[in-house]
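Trainee: Pasting a structure below so you can have a look.
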Amino acid sequence: MLGTGILQGLAVTAKNFVGSYHDPARMVTQEYPDVPAKLPAAYRNFPFLVTENATDPMGTLHCVACQICEKECPPQCIYIEKSKDKKPDATGKMQLYPTVFAIDTAVCMGCQICVEVCPFDSIKMDKVFEVAATDRFSGLLLNREQLAKSNAYYNQIHPTEAAEVDARLAAERKAAEEKARAAAAAAAAKAAAKTAGSAP
Ligand code: SF4
Ligand code: SF4
């Protein structure tokens, strides 16, 4: 019958209008910004850099400046400069670190490829929502200090994934410590044998 579709559409509208007064499932309008936006669990926008210790964020960045993410980023919006010296990474190995790490979030398309290719669990997708800025450069070109966020924050926004990463890094740290202990014991035994061999 002519007009059936219109009547069906109006019935759905009326059902939702009435339902929105008493059924929480039909209260689809969020009163943002008075009520913070409810973001889905898998929501992501721009990357951030994980730091091990919030009190020393630049000294404990997981990033070792390997530049893989910089090469793989499709719109080329990551810029990294390597250090000349080394510092211990999240597993205790001596590694380079980024003296410069910047992301142009005006260009970033949130594809997460940088996260997928990072071999050191150093870069993860953030869940921030209010990122509007009035200046395209000072507001949206984020530097190393602005990108760094603590591992505790990572655990808060992606608990399951962060727990897996923490367990893996702890296992790697333990293996590195055991290897160092074994090497030290072997060196001590060798030195003792040499001393015993040279004794009259
Ligand atoms: S999310 Fe995608 S576009 Fe953004 S920095 Fe990472 S690789 Fe580049
Ligand atoms: S974030 Fe990861 S892939 Fe990118 S430079 Fe740092 S360690 Fe390498």
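Chain labels run A, B, ... following the order of the structure tokens; each chain numbers its residues from 1, and ligands are numbered from 1 in the order shown.
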Please report, as JSON lines, each residue of chain A lying at most 8 Å from ligand 1, together with the nearest pair of atoms and the separation in Å rounded to one decimal; use only C-alpha atoms and all ligand atoms, and order rows by chain and ascending residue number.
Mentor:
{"residue": "A:Asn45", "atom": "CA", "partner": "ligand 1", "partner_atom_place_in_ligand_line": "1 (S)", "distance": 7.5}
{"residue": "A:Phe46", "atom": "CA", "partner": "ligand 1", "partner_atom_place_in_ligand_line": "1 (S)", "distance": 5.9}
{"residue": "A:Pro47", "atom": "CA", "partner": "ligand 1", "partner_atom_place_in_ligand_line": "1 (S)", "distance": 6.0}
{"residue": "A:Cys69", "atom": "CA", "partner": "ligand 1", "partner_atom_place_in_ligand_line": "7 (S)", "distance": 6.5}
{"residue": "A:Glu70", "atom": "CA", "partner": "ligand 1", "partner_atom_place_in_ligand_line": "8 (Fe)", "distance": 7.6}
{"residue": "A:Glu72", "atom": "CA", "partner": "ligand 1", "partner_atom_place_in_ligand_line": "7 (S)", "distance": 6.5}
{"residue": "A:Cys73", "atom": "CA", "partner": "ligand 1", "partner_atom_place_in_ligand_line": "7 (S)", "distance": 3.7}
{"residue": "A:Pro74", "atom": "CA", "partner": "ligand 1", "partner_atom_place_in_ligand_line": "8 (Fe)", "distance": 5.8}
{"residue": "A:Pro75", "atom": "CA", "partner": "ligand 1", "partner_atom_place_in_ligand_line": "3 (S)", "distance": 5.7}
{"residue": "A:Gln76", "atom": "CA", "partner": "ligand 1", "partner_atom_place_in_ligand_line": "8 (Fe)", "distance": 6.2}
{"residue": "A:Cys77", "atom": "CA", "partner": "ligand 1", "partner_atom_place_in_ligand_line": "8 (Fe)", "distance": 5.7}
{"residue": "A:Ile78", "atom": "CA", "partner": "ligand 1", "partner_atom_place_in_ligand_line": "5 (S)", "distance": 5.8}
{"residue": "A:Ile103", "atom": "CA", "partner": "ligand 1", "partner_atom_place_in_ligand_line": "5 (S)", "distance": 6.2}
{"residue": "A:Asp104", "atom": "CA", "partner": "ligand 1", "partner_atom_place_in_ligand_line": "5 (S)", "distance": 7.7}
{"residue": "A:Thr105", "atom": "CA", "partner": "ligand 1", "partner_atom_place_in_ligand_line": "4 (Fe)", "distance": 7.1}
{"residue": "A:Val107", "atom": "CA", "partner": "ligand 1", "partner_atom_place_in_ligand_line": "3 (S)", "distance": 7.0}
{"residue": "A:Cys108", "atom": "CA", "partner": "ligand 1", "partner_atom_place_in_ligand_line": "4 (Fe)", "distance": 3.8}
{"residue": "A:Met109", "atom": "CA", "partner": "ligand 1", "partner_atom_place_in_ligand_line": "3 (S)", "distance": 4.4}
{"residue": "A:Gly110", "atom": "CA", "partner": "ligand 1", "partner_atom_place_in_ligand_line": "1 (S)", "distance": 3.8}
{"residue": "A:Cys111", "atom": "CA", "partner": "ligand 1", "partner_atom_place_in_ligand_line": "2 (Fe)", "distance": 3.9}
{"residue": "A:Gln112", "atom": "CA", "partner": "ligand 1", "partner_atom_place_in_ligand_line": "1 (S)", "distance": 4.0}
{"residue": "A:Ile113", "atom": "CA", "partner": "ligand 1", "partner_atom_place_in_ligand_line": "7 (S)", "distance": 4.3}
{"residue": "A:Cys114", "atom": "CA", "partner": "ligand 1", "partner_atom_place_in_ligand_line": "7 (S)", "distance": 4.0}
{"residue": "A:Val115", "atom": "CA", "partner": "ligand 1", "partner_atom_place_in_ligand_line": "6 (Fe)", "distance": 6.6}
{"residue": "A:Met125", "atom": "CA", "partner": "ligand 1", "partner_atom_place_in_ligand_line": "1 (S)", "distance": 7.4}
Trainee: Write the residues of the selection above to a file with N, CA and C atoms, as a PDB file, in the first residue's frame.
Mentor:
ATOM      1  N   ASN A  45      42.380   6.660  18.926  1.00  0.00           N
ATOM      2  CA  ASN A  45      42.561   7.806  18.022  1.00  0.00           C
ATOM      3  C   ASN A  45      44.033   7.972  17.663  1.00  0.00           C
ATOM      4  N   PHE A  46      44.849   8.557  18.567  1.00  0.00           N
ATOM      5  CA  PHE A  46      46.246   8.791  18.213  1.00  0.00           C
ATOM      6  C   PHE A  46      47.173   7.965  19.095  1.00  0.00           C
ATOM      7  N   PRO A  47      48.420   7.752  18.657  1.00  0.00           N
ATOM      8  CA  PRO A  47      49.350   6.951  19.486  1.00  0.00           C
ATOM      9  C   PRO A  47      49.933   7.748  20.653  1.00  0.00           C
ATOM     10  N   CYS A  69      58.576   2.262  13.116  1.00  0.00           N
ATOM     11  CA  CYS A  69      57.253   2.907  12.994  1.00  0.00           C
ATOM     12  C   CYS A  69      57.334   4.109  12.061  1.00  0.00           C
ATOM     13  N   GLU A  70      58.441   4.840  12.132  1.00  0.00           N
ATOM     14  CA  GLU A  70      58.607   6.026  11.276  1.00  0.00           C
ATOM     15  C   GLU A  70      58.587   5.614   9.796  1.00  0.00           C
ATOM     16  N   GLU A  72      57.227   2.801   8.545  1.00  0.00           N
ATOM     17  CA  GLU A  72      55.995   2.113   8.153  1.00  0.00           C
ATOM     18  C   GLU A  72      54.748   3.004   8.183  1.00  0.00           C
ATOM     19  N   CYS A  73      54.811   4.130   8.854  1.00  0.00           N
ATOM     20  CA  CYS A  73      53.618   5.000   8.975  1.00  0.00           C
ATOM     21  C   CYS A  73      53.169   5.452   7.583  1.00  0.00           C
ATOM     22  N   PRO A  74      51.958   5.091   7.150  1.00  0.00           N
ATOM     23  CA  PRO A  74      51.535   5.405   5.776  1.00  0.00           C
ATOM     24  C   PRO A  74      51.607   6.891   5.415  1.00  0.00           C
ATOM     25  N   PRO A  75      51.086   7.811   6.268  1.00  0.00           N
ATOM     26  CA  PRO A  75      51.171   9.226   5.857  1.00  0.00           C
ATOM     27  C   PRO A  75      52.461   9.918   6.304  1.00  0.00           C
ATOM     28  N   GLN A  76      53.425   9.105   6.847  1.00  0.00           N
ATOM     29  CA  GLN A  76      54.741   9.650   7.243  1.00  0.00           C
ATOM     30  C   GLN A  76      54.607  10.828   8.216  1.00  0.00           C
ATOM     31  N   CYS A  77      53.853  10.609   9.285  1.00  0.00           N
ATOM     32  CA  CYS A  77      53.655  11.714  10.235  1.00  0.00           C
ATOM     33  C   CYS A  77      54.445  11.518  11.526  1.00  0.00           C
ATOM     34  N   ILE A  78      55.383  10.523  11.548  1.00  0.00           N
ATOM     35  CA  ILE A  78      56.243  10.328  12.725  1.00  0.00           C
ATOM     36  C   ILE A  78      57.645  10.817  12.387  1.00  0.00           C
ATOM     37  N   ILE A 103      54.881  13.356  16.571  1.00  0.00           N
ATOM     38  CA  ILE A 103      53.808  12.861  15.691  1.00  0.00           C
ATOM     39  C   ILE A 103      52.909  14.038  15.342  1.00  0.00           C
ATOM     40  N   ASP A 104      52.686  14.206  14.054  1.00  0.00           N
ATOM     41  CA  ASP A 104      51.768  15.254  13.599  1.00  0.00           C
ATOM     42  C   ASP A 104      50.363  14.660  13.592  1.00  0.00           C
ATOM     43  N   THR A 105      49.616  14.945  14.661  1.00  0.00           N
ATOM     44  CA  THR A 105      48.287  14.325  14.780  1.00  0.00           C
ATOM     45  C   THR A 105      47.266  14.954  13.821  1.00  0.00           C
ATOM     46  N   VAL A 107      47.874  14.915  10.770  1.00  0.00           N
ATOM     47  CA  VAL A 107      48.042  14.043   9.597  1.00  0.00           C
ATOM     48  C   VAL A 107      47.722  12.584   9.953  1.00  0.00           C
ATOM     49  N   CYS A 108      48.026  12.195  11.204  1.00  0.00           N
ATOM     50  CA  CYS A 108      47.795  10.807  11.651  1.00  0.00           C
ATOM     51  C   CYS A 108      46.351  10.395  11.375  1.00  0.00           C
ATOM     52  N   MET A 109      46.204   9.171  10.834  1.00  0.00           N
ATOM     53  CA  MET A 109      44.846   8.705  10.514  1.00  0.00           C
ATOM     54  C   MET A 109      44.392   7.600  11.469  1.00  0.00           C
ATOM     55  N   GLY A 110      45.156   7.396  12.570  1.00  0.00           N
ATOM     56  CA  GLY A 110      44.727   6.436  13.589  1.00  0.00           C
ATOM     57  C   GLY A 110      44.686   4.997  13.111  1.00  0.00           C
ATOM     58  N   CYS A 111      45.552   4.648  12.148  1.00  0.00           N
ATOM     59  CA  CYS A 111      45.487   3.303  11.551  1.00  0.00           C
ATOM     60  C   CYS A 111      46.065   2.220  12.477  1.00  0.00           C
ATOM     61  N   GLN A 112      46.916   2.609  13.456  1.00  0.00           N
ATOM     62  CA  GLN A 112      47.530   1.694  14.413  1.00  0.00           C
ATOM     63  C   GLN A 112      48.668   0.859  13.835  1.00  0.00           C
ATOM     64  N   ILE A 113      49.105   1.166  12.622  1.00  0.00           N
ATOM     65  CA  ILE A 113      50.202   0.390  12.029  1.00  0.00           C
ATOM     66  C   ILE A 113      51.483   0.560  12.849  1.00  0.00           C
ATOM     67  N   CYS A 114      51.722   1.774  13.369  1.00  0.00           N
ATOM     68  CA  CYS A 114      52.924   1.992  14.193  1.00  0.00           C
ATOM     69  C   CYS A 114      52.924   1.054  15.403  1.00  0.00           C
ATOM     70  N   VAL A 115      51.755   0.819  15.989  1.00  0.00           N
ATOM     71  CA  VAL A 115      51.633  -0.071  17.148  1.00  0.00           C
ATOM     72  C   VAL A 115      51.917  -1.518  16.736  1.00  0.00           C
ATOM     73  N   MET A 125      47.904   2.860  21.172  1.00  0.00           N
ATOM     74  CA  MET A 125      46.867   3.812  20.769  1.00  0.00           C
ATOM     75  C   MET A 125      46.187   4.399  21.994  1.00  0.00           C
TER      76      MET A 125
END
Trainee: Do you know which residues are at most 9 Å from Lys174 (chain A) counting only C-alpha atoms, after dropping those on the same chain fewer than 5 positions away, and could you put them as a ChimeraX atom specification?
Mentor: /A:91,169,179
Trainee: Among region 93-189 of chain A, which residues does DSSP mark as strand (DSSP E) when it is run on the backbone? Keep the chain and numbering as in the structure and answer as a PyMOL selection string.
Mentor: chain A and resi 94-95+98-104+123-125+141-142+148-150
Trainee: If the limit is 12 Å from any atom of ligand 2, counting only C-alpha atoms and all ligand atoms, which residues qualify? Return them as JSON, numbers by chain.
Mentor: {"A": [47, 48, 49, 50, 51, 61, 62, 63, 64, 65, 66, 67, 68, 69, 70, 71, 72, 73, 77, 78, 79, 80, 81, 82, 83, 89, 90, 95, 96, 97, 98, 99, 100, 101, 102, 103, 112, 113, 114, 115, 116, 117, 118, 119, 120, 121, 122, 123, 124, 125, 144, 147, 148]}
Trainee: For His158 (chain A), list every protein, DNA or RNA residue within 12 Å, evaluated using only C-alpha atoms, and leave out those in the same chain fewer than 5 positions away; present the list as a list in words.
Mentor: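 Neighbouring residues, sequence-local ones excluded: Pro40, Ala41, Ala42, Tyr43, Arg44, Lys124, Met125, Asp126, Lys127, Asn151, Ala152, Tyr153, Ala163, Glu164, Val165 and Asp166 of chain A.
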Trainee: The selected residues should be written to file as an mmCIF file, in the first residue's frame (atoms: N, CA and C atoms).
Mentor:
data_model
loop_
_atom_site.group_PDB
_atom_site.id
_atom_site.type_symbol
_atom_site.label_atom_id
_atom_site.label_comp_id
_atom_site.auth_asym_id
_atom_site.auth_seq_id
_atom_site.Cartn_x
_atom_site.Cartn_y
_atom_site.Cartn_z
ATOM 1 N N PRO A 40 33.648 3.364 23.373
ATOM 2 C CA PRO A 40 33.679 1.895 23.311
ATOM 3 C C PRO A 40 35.046 1.357 23.737
ATOM 4 N N ALA A 41 35.079 0.101 24.197
ATOM 5 C CA ALA A 41 36.334 -0.500 24.686
ATOM 6 C C ALA A 41 37.444 -0.426 23.641
ATOM 7 N N ALA A 42 37.098 -0.621 22.382
ATOM 8 C CA ALA A 42 38.128 -0.666 21.336
ATOM 9 C C ALA A 42 38.376 0.704 20.694
ATOM 10 N N TYR A 43 37.832 1.758 21.285
ATOM 11 C CA TYR A 43 38.025 3.099 20.706
ATOM 12 C C TYR A 43 39.511 3.446 20.667
ATOM 13 N N ARG A 44 39.959 4.099 19.604
ATOM 14 C CA ARG A 44 41.348 4.562 19.529
ATOM 15 C C ARG A 44 41.382 5.831 18.682
ATOM 16 N N LYS A 124 51.495 2.842 21.766
ATOM 17 C CA LYS A 124 50.146 2.255 21.857
ATOM 18 C C LYS A 124 49.113 3.307 21.456
ATOM 19 N N MET A 125 47.904 2.860 21.172
ATOM 20 C CA MET A 125 46.867 3.812 20.769
ATOM 21 C C MET A 125 46.187 4.399 21.994
ATOM 22 N N ASP A 126 46.002 5.703 21.956
ATOM 23 C CA ASP A 126 45.387 6.406 23.081
ATOM 24 C C ASP A 126 43.866 6.417 22.927
ATOM 25 N N LYS A 127 43.222 6.880 23.983
ATOM 26 C CA LYS A 127 41.761 6.904 23.997
ATOM 27 C C LYS A 127 41.253 8.288 24.348
ATOM 28 N N ASN A 151 52.929 3.605 32.101
ATOM 29 C CA ASN A 151 52.435 2.238 31.938
ATOM 30 C C ASN A 151 51.144 2.035 32.743
ATOM 31 N N ALA A 152 51.036 2.765 33.867
ATOM 32 C CA ALA A 152 49.797 2.690 34.681
ATOM 33 C C ALA A 152 48.608 3.203 33.865
ATOM 34 N N TYR A 153 48.827 4.258 33.095
ATOM 35 C CA TYR A 153 47.758 4.802 32.232
ATOM 36 C C TYR A 153 47.392 3.780 31.155
ATOM 37 N N ALA A 163 48.236 -6.019 30.472
ATOM 38 C CA ALA A 163 48.648 -7.095 31.389
ATOM 39 C C ALA A 163 49.498 -8.126 30.632
ATOM 40 N N GLU A 164 49.128 -8.418 29.388
ATOM 41 C CA GLU A 164 49.911 -9.368 28.570
ATOM 42 C C GLU A 164 51.310 -8.813 28.307
ATOM 43 N N VAL A 165 51.372 -7.521 27.967
ATOM 44 C CA VAL A 165 52.673 -6.889 27.690
ATOM 45 C C VAL A 165 53.540 -6.889 28.950
ATOM 46 N N ASP A 166 52.935 -6.543 30.102
ATOM 47 C CA ASP A 166 53.685 -6.522 31.367
ATOM 48 C C ASP A 166 54.263 -7.902 31.688
#
Trainee: If DSSP is run on the backbone, what residues of region 4-196 of chain A are alpha helix (DSSP H)? A reply as a short mmCIF file (atom, residue, chain, number, x, y, z; two decimals) with C-alpha atoms, in the first residue's frame would be ideal.
Mentor:
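Saved file states04.cif follows:
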data_model
loop_
_atom_site.label_atom_id
_atom_site.label_comp_id
_atom_site.auth_asym_id
_atom_site.auth_seq_id
_atom_site.Cartn_x
_atom_site.Cartn_y
_atom_site.Cartn_z
CA THR A 4 3.31 1.96 4.30
CA GLY A 5 7.04 2.63 4.58
CA ILE A 6 6.43 6.15 5.89
CA LEU A 7 3.99 4.85 8.50
CA GLN A 8 6.47 2.16 9.59
CA GLY A 9 9.20 4.79 9.93
CA LEU A 10 6.93 7.06 11.99
CA ALA A 11 6.03 4.09 14.23
CA VAL A 12 9.74 3.45 14.94
CA THR A 13 10.26 7.17 15.66
CA ALA A 14 7.24 7.25 18.02
CA LYS A 15 8.42 4.07 19.79
CA ASN A 16 11.89 5.55 20.38
CA PHE A 17 10.47 8.94 21.42
CA VAL A 18 8.19 7.41 24.07
CA GLY A 19 10.81 4.82 25.08
CA ILE A 68 60.51 1.05 12.24
CA CYS A 69 57.25 2.91 12.99
CA GLU A 70 58.61 6.03 11.28
CA LYS A 71 59.31 4.02 8.09
CA GLU A 72 56.00 2.11 8.15
CA ILE A 113 50.20 0.39 12.03
CA CYS A 114 52.92 1.99 14.19
CA VAL A 115 51.63 -0.07 17.15
CA GLU A 116 51.52 -3.30 15.13
CA VAL A 117 55.09 -2.99 13.82
CA ARG A 144 58.14 13.36 22.95
CA GLU A 145 57.17 14.97 26.26
CA GLN A 146 53.52 15.35 25.19
CA LEU A 147 53.35 11.81 23.79
CA ASN A 151 52.43 2.24 31.94
CA ALA A 152 49.80 2.69 34.68
CA TYR A 153 47.76 4.80 32.23
CA TYR A 154 48.19 2.10 29.56
CA ASN A 155 46.88 -0.48 32.06
CA GLN A 156 43.94 1.76 32.81
CA ILE A 157 42.78 2.25 29.20
CA PRO A 159 43.84 -3.52 30.86
CA THR A 160 43.88 -6.92 29.12
CA GLU A 161 46.43 -5.99 26.47
CA ALA A 162 48.65 -4.13 28.98
CA ALA A 163 48.65 -7.09 31.39
CA GLU A 164 49.91 -9.37 28.57
CA VAL A 165 52.67 -6.89 27.69
CA ASP A 166 53.69 -6.52 31.37
CA ALA A 167 53.91 -10.31 31.76
CA ARG A 168 56.03 -10.64 28.62
CA LEU A 169 58.41 -7.85 29.65
CA ALA A 170 58.72 -9.29 33.17
CA ALA A 171 59.67 -12.69 31.69
CA GLU A 172 62.25 -11.05 29.40
CA ARG A 173 63.65 -9.06 32.35
CA LYS A 174 63.95 -12.23 34.44
CA ALA A 175 65.66 -14.13 31.61
CA ALA A 176 68.13 -11.24 31.12
CA GLU A 177 68.90 -11.16 34.86
CA GLU A 178 69.47 -14.92 34.96
CA LYS A 179 71.74 -14.72 31.91
CA ALA A 180 73.75 -11.90 33.53
CA ARG A 181 74.03 -13.89 36.80
CA ALA A 182 75.20 -17.01 34.91
CA ALA A 183 77.76 -14.96 32.95
CA ALA A 184 79.06 -13.38 36.18
CA ALA A 185 79.32 -16.81 37.85
CA ALA A 186 81.17 -18.24 34.82
CA ALA A 187 83.58 -15.29 34.79
CA ALA A 188 84.20 -15.66 38.55
CA ALA A 189 84.83 -19.41 38.14
CA LYS A 190 87.24 -18.76 35.26
CA ALA A 191 89.12 -16.15 37.29
CA ALA A 192 89.32 -18.53 40.28
CA ALA A 193 90.62 -21.34 38.04
CA LYS A 194 93.25 -19.01 36.55
CA THR A 195 94.36 -17.92 40.05
CA ALA A 196 94.58 -21.55 41.21
#
Trainee: When you draw a straight line from CA of Ala132 (chain A) to CA of Pro33 (chain A), how long is it in Å?
Mentor: 13.4 Å
Trainee: Figure out the distance between CA of Lys149 (chain A) and CA of Ala54 (chain A), please, to one decimal in Å.
Mentor: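 Distance between the two atoms: 7.4 Å.
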